[in-house]
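Trainee: Have a look at this one before I ask anything.
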Amino acid sequence: MSKKGKILFFIFCLAAAVLLVVTAAVASNVPERLIRPDSDGYLAPARALSENLSYPTTVRPPGYPVLAALIYACGGSNTALAFTGILIAAGACGVIGFAARKYTGDSRIAALAVLLTGFNITMIANAPLLLSDTLFFLFAAWQFWWFAGFWRDSGIPALWGCAFTAALGVLIRPINILFIIPLIVLVLVHEKLLFRKKIIASVVAAGIFFAVITPWMFRNYSAGMTFSIDTNTGAMRHQNGAMLMAEVNGTDFESEKKRLLKEESEMIFPDAGSRERWRIAEFRKMVERHPFIYLKQHFDWQILLPDAPTFLENFGMTSANRGTMGVLKKSGILAAVRYYFGENYLMILFALLPLLAITLLLYAGMFGKLVTDAVNFRSNWRELIIFLAFCEYYLFLPGAITAPRYQLPALPFMSTLAACALIGLWDKIRGFRDLKSKN
């Protein structure tokens, strides 16, 4: 192994060790802390799958429940599932290192990308949670690895690997269902491929993508539900819809959410499919009445906030579900920090400063690289489109629900961009020092 390879391997092991220590401290003592309100939607079908080989719901896609069912079938508990999440997160960090190396050709950038990801507080906090986000994070990293091979080497089979991985990602988190669109756009703007090859490659990629996801959508439709990956989409009515109406009415998220849920509870539906179709239709009406406000809410920088709350909740130092998101949306970040952390908020933030500093370094490097690309637009415009596909896509689609864990699939390329900028800055500083010493 080369010296650079050893450095990359050491950084990967260090990040994995931190993740394992964090999980061991939580899962071995109070594993219930790793359960969130959405967890049962994944764990209940996982138990059914492990016990009688049936998947009794259409509410959630099968990706994470299948993983959990395998753990349960082997005699594992939620603690084992949490440790599996840590191993998955560590594996994703390694994949990001290989992807960054393939994308840039620089092992130093790869090592720094692993460092920026492995010590990202949002990734560390969410890795052991009994949710699907960490598994999807791995597939997002793998997706980027395939794409890097296609982009740098014009390897069309790598593009198809990217499409296949993206489709598997849909079966974990449905947010990936539109990813085939930006992927095809990237194929069409590829610098070296002939137009005929671009068309053929795009058609085959789309065919692979839909061949993977369509059977599950048809399965849900056959069960009397909508032709979709899951039937949780209607929850947007009392989530994104509540955020929308809070801004329209000048109220707050929590009160609007309670009102919308109350309206739903008073309705009588013949079956679950009718309920889901009603929720989607009602949410669509909200958006049609206030399209510009709804669109504006998708451009919210707050999705990039580091997930310090989840990190502390894992250790039992704070508690969730206290309406902090409503305070954040209505009164801003400072009010939300004071509300959530209490009177000791400055002390808590100071204790978390090392991890928060790494996140700030990540953002500074990423934005610096984007500014450089924009200044050199004629030569670097394609990288800006890659950013839109692999980062902004995941930051835009959640809309006003700015849960920090939604930034995880954007981390692979964010870390790569940041590492490019920081290594480039370091090279300039070294070059300036060398020039100064010679003079």
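Residue names in the structure tokens use chain letters A, B, ... in the order shown, residue numbers from 1 in each chain, and ligand numbers from 1 in the order shown.
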Counting only C-alpha atoms, which residues in segment 36-90 of chain A sit no more than 10 Å from segment 112-132 of chain A? For each one, give the nearest pair of atoms and the distance in Å, sorted by chain then residue number, as CSV.
Mentor:
residue,atom,partner,partner_atom,distance
A:Arg36,CA,A:Leu130,CA,7.2
A:Pro37,CA,A:Leu131,CA,9.6
A:Asp38,CA,A:Leu131,CA,7.2
A:Ser39,CA,A:Leu131,CA,5.6
A:Asp40,CA,A:Leu130,CA,8.8
A:Gly41,CA,A:Leu131,CA,9.1
A:Tyr42,CA,A:Leu131,CA,7.2
A:Leu43,CA,A:Leu130,CA,8.0
A:Arg60,CA,A:Ser132,CA,10.0
A:Pro61,CA,A:Ser132,CA,9.7
A:Pro62,CA,A:Ser132,CA,10.0
A:Gly63,CA,A:Ser132,CA,7.9
A:Tyr64,CA,A:Ser132,CA,5.4
A:Pro65,CA,A:Ser132,CA,8.4
A:Leu67,CA,A:Ser132,CA,9.7
A:Ala68,CA,A:Leu130,CA,9.0
A:Asn78,CA,A:Leu130,CA,7.6
A:Thr79,CA,A:Pro128,CA,8.9
A:Ala80,CA,A:Pro128,CA,9.8
A:Leu81,CA,A:Leu130,CA,7.2
A:Ala82,CA,A:Pro128,CA,4.5
A:Phe83,CA,A:Pro128,CA,6.4
A:Thr84,CA,A:Pro128,CA,7.8
A:Gly85,CA,A:Pro128,CA,5.1
A:Ile86,CA,A:Ala127,CA,5.3
A:Leu87,CA,A:Ala127,CA,8.6
A:Ile88,CA,A:Ala127,CA,7.9
A:Ala89,CA,A:Ala127,CA,5.9
A:Ala90,CA,A:Gly118,CA,7.4
Trainee: I need the chosen residues saved as a JSON list (two decimals), in the first residue's frame, with C-alpha atoms.
Mentor:
[["chain", "number", "residue", "atom", "x", "y", "z"],
["A", 36, "ARG", "CA", -37.69, 8.02, 16.53],
["A", 37, "PRO", "CA", -41.41, 8.55, 15.75],
["A", 38, "ASP", "CA", -40.91, 7.19, 12.21],
["A", 39, "SER", "CA", -38.98, 4.10, 13.35],
["A", 40, "ASP", "CA", -41.97, 1.82, 13.87],
["A", 41, "GLY", "CA", -43.02, 2.34, 10.26],
["A", 42, "TYR", "CA", -39.85, 0.45, 9.30],
["A", 43, "LEU", "CA", -39.44, -1.92, 12.25],
["A", 60, "ARG", "CA", -42.87, 2.47, 3.72],
["A", 61, "PRO", "CA", -40.60, 1.15, 0.95],
["A", 62, "PRO", "CA", -38.96, -2.22, 1.61],
["A", 63, "GLY", "CA", -35.25, -1.32, 1.64],
["A", 64, "TYR", "CA", -34.57, -0.67, 5.33],
["A", 65, "PRO", "CA", -37.19, -3.14, 6.63],
["A", 67, "LEU", "CA", -32.17, -5.09, 6.29],
["A", 68, "ALA", "CA", -33.79, -5.00, 9.73],
["A", 78, "ASN", "CA", -32.36, -3.19, 17.81],
["A", 79, "THR", "CA", -28.92, -2.82, 19.35],
["A", 80, "ALA", "CA", -27.45, -5.02, 16.62],
["A", 81, "LEU", "CA", -29.37, -2.98, 14.05],
["A", 82, "ALA", "CA", -27.88, 0.22, 15.47],
["A", 83, "PHE", "CA", -24.36, -1.21, 15.20],
["A", 84, "THR", "CA", -25.15, -2.28, 11.64],
["A", 85, "GLY", "CA", -26.04, 1.33, 10.94],
["A", 86, "ILE", "CA", -22.62, 2.38, 12.19],
["A", 87, "LEU", "CA", -20.88, -0.14, 9.94],
["A", 88, "ILE", "CA", -22.97, 1.09, 7.02],
["A", 89, "ALA", "CA", -21.99, 4.71, 7.77],
["A", 90, "ALA", "CA", -18.33, 3.74, 8.00]]
Trainee: What parts of segment 204-240 of chain A does DSSP call helix (DSSP H, G or I)? I'd like the answer as a PyMOL selection string.
Mentor: chain A and resi 204-222+233-237+240
Trainee: To one decimal place in Å, what is the distance between atom CA of Val204 of chain A and atom CA of Leu183 of chain A?
Mentor: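 Going from atom CA of Val204 of chain A over to atom CA of Leu183 of chain A, I get 12.2 Å.
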Trainee: Could you name the residues that touch Glu263 of chain A at 12 Å or less, counting only C-alpha atoms, but leaving out those on the same chain fewer than 3 positions away, as a list in words?
Mentor: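 Once the nearby chain positions are removed, what remains is Arg237, His238, Glu256, Lys257, Lys258, Arg259, Leu260, Glu266, Met267, Ile268, Trp278, Arg279 and Glu282 of chain A.
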Trainee: Kindly save the residues from that selection, with C-alpha atoms included, as a PDB file, in the first residue's frame.
Mentor:
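Contents of part-v6.pdb, as written:
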ATOM      1  CA  ARG A 237     -50.433  17.462   3.809  1.00  0.00           C
ATOM      2  CA  HIS A 238     -49.801  17.848   7.538  1.00  0.00           C
ATOM      3  CA  GLU A 256     -51.442  24.243  11.601  1.00  0.00           C
ATOM      4  CA  LYS A 257     -50.341  20.630  11.830  1.00  0.00           C
ATOM      5  CA  LYS A 258     -52.852  19.945  14.630  1.00  0.00           C
ATOM      6  CA  ARG A 259     -55.607  21.610  12.610  1.00  0.00           C
ATOM      7  CA  LEU A 260     -54.881  19.581   9.492  1.00  0.00           C
ATOM      8  CA  GLU A 266     -63.005  13.783  11.098  1.00  0.00           C
ATOM      9  CA  MET A 267     -63.135  12.340   7.585  1.00  0.00           C
ATOM     10  CA  ILE A 268     -64.531   8.861   6.903  1.00  0.00           C
ATOM     11  CA  TRP A 278     -57.598  12.359  -0.507  1.00  0.00           C
ATOM     12  CA  ARG A 279     -54.511  13.545   1.368  1.00  0.00           C
ATOM     13  CA  GLU A 282     -55.815  18.134  -0.642  1.00  0.00           C
TER      14      GLU A 282
END
Trainee: Could you name the residues that touch Phe209 of chain A at 7 Å or less, counting only C-alpha atoms, but leaving out those on the same chain fewer than 6 positions away, as a PyMOL selection string?
Mentor: chain A and resi 163-164+167
Trainee: From the set A:Ile293, A:Val287, A:Ile348, A:Ile35, which residue has the shortest atom-to-atom contact distance to Met317 of chain A, counting only C-alpha atoms?
Mentor: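 Under the stated criterion, the closest residue is A:Ile348.
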Trainee: For a quick check of understanding, using only C-alpha atoms, which of A:Leu53, A:Leu159, A:Ile109, A:Leu138 has the smallest distance to Gly424 of chain A?
Mentor: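 Under the stated criterion, the closest residue is A:Ile109.
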Trainee: Using only C-alpha atoms, which of the listed residues (A:Arg338, A:Arg108, A:Glu288, A:Met245) sits closest to Ala421 of chain A?
Mentor: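 The closest residue to Ala421 of chain A is A:Arg108.
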Trainee: Residues near Thr58 of chain A, anyone? I mean within 9 Å using only C-alpha atoms, not counting same-chain ones fewer than 5 positions away, as a list of chain:residue names.
Mentor: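 Surrounding residues, per the criterion: A:Arg219, A:Asn220, A:Ala223, A:Met225, A:Ile229, A:Asp230, A:Thr231, A:Asn232.
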Trainee: Determine, counting only C-alpha atoms, which protein, DNA and RNA residues have an atom within 9 Å of an atom of Ile386 of chain A; residues of the same chain fewer than 5 positions away are not included. Present the result as number ranges by chain.
Mentor: A: 182-183, 186, 381, 391, 413
Trainee: Those residues you just picked out, can you put them in a file as a compact mmCIF listing (two decimals), in the first residue's frame with C-alpha atoms?
Mentor:
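The result, written out as result-v9.txt:
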# COMPACT_ATOMS: atom_id res chain seq x y z
CA PRO A 182 -30.82 15.02 -13.54
CA LEU A 183 -28.77 11.91 -14.34
CA LEU A 186 -25.64 15.01 -17.01
CA TRP A 381 -20.17 24.95 -15.70
CA CYS A 391 -26.49 18.03 -3.81
CA PHE A 413 -20.33 15.38 -3.41
Trainee: Excluding same-chain residues fewer than 4 positions from segment 177-181 of chain A, what lies within 12 Å of it counting only C-alpha atoms, as a short mmCIF file (atom, residue, chain, number, x, y, z; two decimals) with N, CA and C atoms, in the first residue's frame?
Mentor:
data_model
loop_
_atom_site.label_atom_id
_atom_site.label_comp_id
_atom_site.auth_asym_id
_atom_site.auth_seq_id
_atom_site.Cartn_x
_atom_site.Cartn_y
_atom_site.Cartn_z
N PRO A 61 -41.26 2.00 1.93
CA PRO A 61 -40.60 1.15 0.95
C PRO A 61 -39.84 0.03 1.65
N ALA A 140 -26.33 6.52 -1.74
CA ALA A 140 -26.02 7.79 -2.39
C ALA A 140 -24.52 7.89 -2.66
N GLN A 143 -23.80 5.52 -5.48
CA GLN A 143 -24.32 6.16 -6.69
C GLN A 143 -23.31 7.16 -7.25
N PHE A 144 -22.72 7.96 -6.35
CA PHE A 144 -21.72 8.95 -6.78
C PHE A 144 -20.47 8.24 -7.28
N LEU A 159 -22.35 4.29 -15.95
CA LEU A 159 -23.60 5.07 -15.92
C LEU A 159 -24.76 4.15 -15.60
N TRP A 160 -24.80 2.99 -16.22
CA TRP A 160 -25.89 2.07 -15.95
C TRP A 160 -25.83 1.55 -14.51
N CYS A 162 -24.81 3.38 -12.09
CA CYS A 162 -25.34 4.50 -11.32
C CYS A 162 -26.87 4.49 -11.35
N ALA A 163 -27.45 4.24 -12.51
CA ALA A 163 -28.91 4.19 -12.63
C ALA A 163 -29.50 3.05 -11.80
N PHE A 164 -28.82 1.90 -11.82
CA PHE A 164 -29.29 0.75 -11.04
C PHE A 164 -29.22 1.05 -9.55
N THR A 165 -28.12 1.65 -9.09
CA THR A 165 -27.96 1.99 -7.68
C THR A 165 -28.97 3.05 -7.26
N ALA A 166 -29.20 4.03 -8.13
CA ALA A 166 -30.19 5.07 -7.82
C ALA A 166 -31.58 4.45 -7.66
N ALA A 167 -31.90 3.46 -8.49
CA ALA A 167 -33.20 2.80 -8.40
C ALA A 167 -33.33 2.02 -7.09
N LEU A 168 -32.25 1.34 -6.69
CA LEU A 168 -32.28 0.66 -5.39
C LEU A 168 -32.47 1.67 -4.27
N GLY A 169 -31.88 2.85 -4.46
CA GLY A 169 -32.07 3.92 -3.47
C GLY A 169 -33.52 4.34 -3.35
N VAL A 170 -34.26 4.31 -4.45
CA VAL A 170 -35.69 4.64 -4.41
C VAL A 170 -36.43 3.68 -3.49
N LEU A 171 -36.02 2.41 -3.48
CA LEU A 171 -36.67 1.41 -2.64
C LEU A 171 -36.29 1.56 -1.17
N ILE A 172 -35.39 2.48 -0.89
CA ILE A 172 -35.03 2.80 0.49
C ILE A 172 -35.69 4.11 0.90
N ARG A 173 -35.51 5.14 0.07
CA ARG A 173 -36.17 6.42 0.30
C ARG A 173 -36.71 6.94 -1.04
N VAL A 185 -29.74 14.43 -17.73
CA VAL A 185 -29.22 15.74 -18.10
C VAL A 185 -27.69 15.73 -18.09
N LEU A 186 -27.11 15.09 -17.09
CA LEU A 186 -25.64 15.01 -17.01
C LEU A 186 -25.07 14.20 -18.17
N VAL A 187 -25.79 13.18 -18.58
CA VAL A 187 -25.33 12.41 -19.75
C VAL A 187 -25.32 13.30 -20.98
N LEU A 188 -26.36 14.10 -21.15
CA LEU A 188 -26.48 14.94 -22.35
C LEU A 188 -25.44 16.05 -22.40
N SER A 202 -28.71 6.95 -22.31
CA SER A 202 -29.78 7.51 -21.47
C SER A 202 -31.02 6.61 -21.49
N VAL A 203 -31.38 6.11 -22.68
CA VAL A 203 -32.56 5.25 -22.79
C VAL A 203 -32.36 3.97 -21.99
N VAL A 204 -31.18 3.37 -22.11
CA VAL A 204 -30.91 2.14 -21.36
C VAL A 204 -30.90 2.42 -19.86
N ALA A 205 -30.29 3.55 -19.45
CA ALA A 205 -30.25 3.91 -18.03
C ALA A 205 -31.66 4.08 -17.47
N ALA A 206 -32.52 4.76 -18.23
CA ALA A 206 -33.91 4.94 -17.79
C ALA A 206 -34.63 3.60 -17.72
N GLY A 207 -34.35 2.72 -18.69
CA GLY A 207 -34.97 1.40 -18.68
C GLY A 207 -34.57 0.60 -17.46
N ILE A 208 -33.29 0.63 -17.11
CA ILE A 208 -32.80 -0.07 -15.92
C ILE A 208 -33.47 0.50 -14.67
N PHE A 209 -33.53 1.82 -14.59
CA PHE A 209 -34.09 2.49 -13.43
C PHE A 209 -35.54 2.08 -13.20
N PHE A 210 -36.35 2.17 -14.24
CA PHE A 210 -37.77 1.87 -14.06
C PHE A 210 -38.04 0.37 -13.96
N VAL A 212 -36.37 -1.58 -12.16
CA VAL A 212 -36.15 -1.90 -10.74
C VAL A 212 -37.32 -1.43 -9.87
N ILE A 213 -37.81 -0.22 -10.12
CA ILE A 213 -38.80 0.36 -9.20
C ILE A 213 -40.25 0.04 -9.56
N THR A 214 -40.54 -0.23 -10.84
CA THR A 214 -41.93 -0.41 -11.26
C THR A 214 -42.62 -1.60 -10.60
N MET A 217 -44.02 -0.57 -7.29
CA MET A 217 -45.12 0.37 -7.46
C MET A 217 -46.39 -0.36 -7.89
N SER A 228 -47.33 3.96 -6.56
CA SER A 228 -46.21 4.70 -5.98
C SER A 228 -45.32 3.76 -5.18
N ILE A 229 -44.16 4.28 -4.79
CA ILE A 229 -43.21 3.48 -4.01
C ILE A 229 -43.71 3.24 -2.60
N ASP A 230 -44.34 4.26 -2.00
CA ASP A 230 -44.90 4.10 -0.67
C ASP A 230 -46.20 4.88 -0.59
N ILE A 386 -23.43 19.16 -11.94
CA ILE A 386 -23.25 17.98 -11.09
C ILE A 386 -23.66 18.31 -9.65
N LEU A 388 -25.90 20.51 -8.75
CA LEU A 388 -27.36 20.57 -8.72
C LEU A 388 -27.96 19.16 -8.64
N ALA A 389 -27.34 18.22 -9.35
CA ALA A 389 -27.88 16.85 -9.39
C ALA A 389 -27.60 16.08 -8.12
N PHE A 390 -26.38 16.17 -7.60
CA PHE A 390 -25.97 15.33 -6.47
C PHE A 390 -26.09 16.02 -5.11
N CYS A 391 -26.35 17.32 -5.09
CA CYS A 391 -26.49 18.03 -3.81
C CYS A 391 -27.82 18.77 -3.74
N GLU A 392 -28.00 19.75 -4.61
CA GLU A 392 -29.20 20.59 -4.53
C GLU A 392 -30.47 19.77 -4.71
N TYR A 393 -30.41 18.72 -5.50
CA TYR A 393 -31.58 17.84 -5.66
C TYR A 393 -32.09 17.37 -4.30
N TYR A 394 -31.18 16.93 -3.43
CA TYR A 394 -31.57 16.39 -2.13
C TYR A 394 -31.89 17.50 -1.11
N LEU A 397 -35.76 19.10 -2.62
CA LEU A 397 -37.02 18.36 -2.62
C LEU A 397 -37.73 18.28 -1.27
N PRO A 409 -27.67 12.43 1.91
CA PRO A 409 -27.32 11.98 0.55
C PRO A 409 -26.54 13.01 -0.25
#
Trainee: Which value, in Å to one decimal, gives the distance between atom CA of Lys102 of chain A and atom CA of Arg196 of chain A?
Mentor: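 Between these atoms lies a distance of 25.6 Å.
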Trainee: Take atom CA of Gln407 of chain A and atom CA of Phe136 of chain A and report the distance between them in Å, one decimal.
Mentor: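 Separation between atom CA of Gln407 of chain A and atom CA of Phe136 of chain A: 11.2 Å.
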Trainee: Go through A:Leu312, A:Val66, A:Ala141, A:Ile200 and flag the residue nearest Phe98 of chain A, using only C-alpha atoms for the distances.
Mentor: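 The shortest atom-to-atom distance to Phe98 of chain A comes from A:Ala141.
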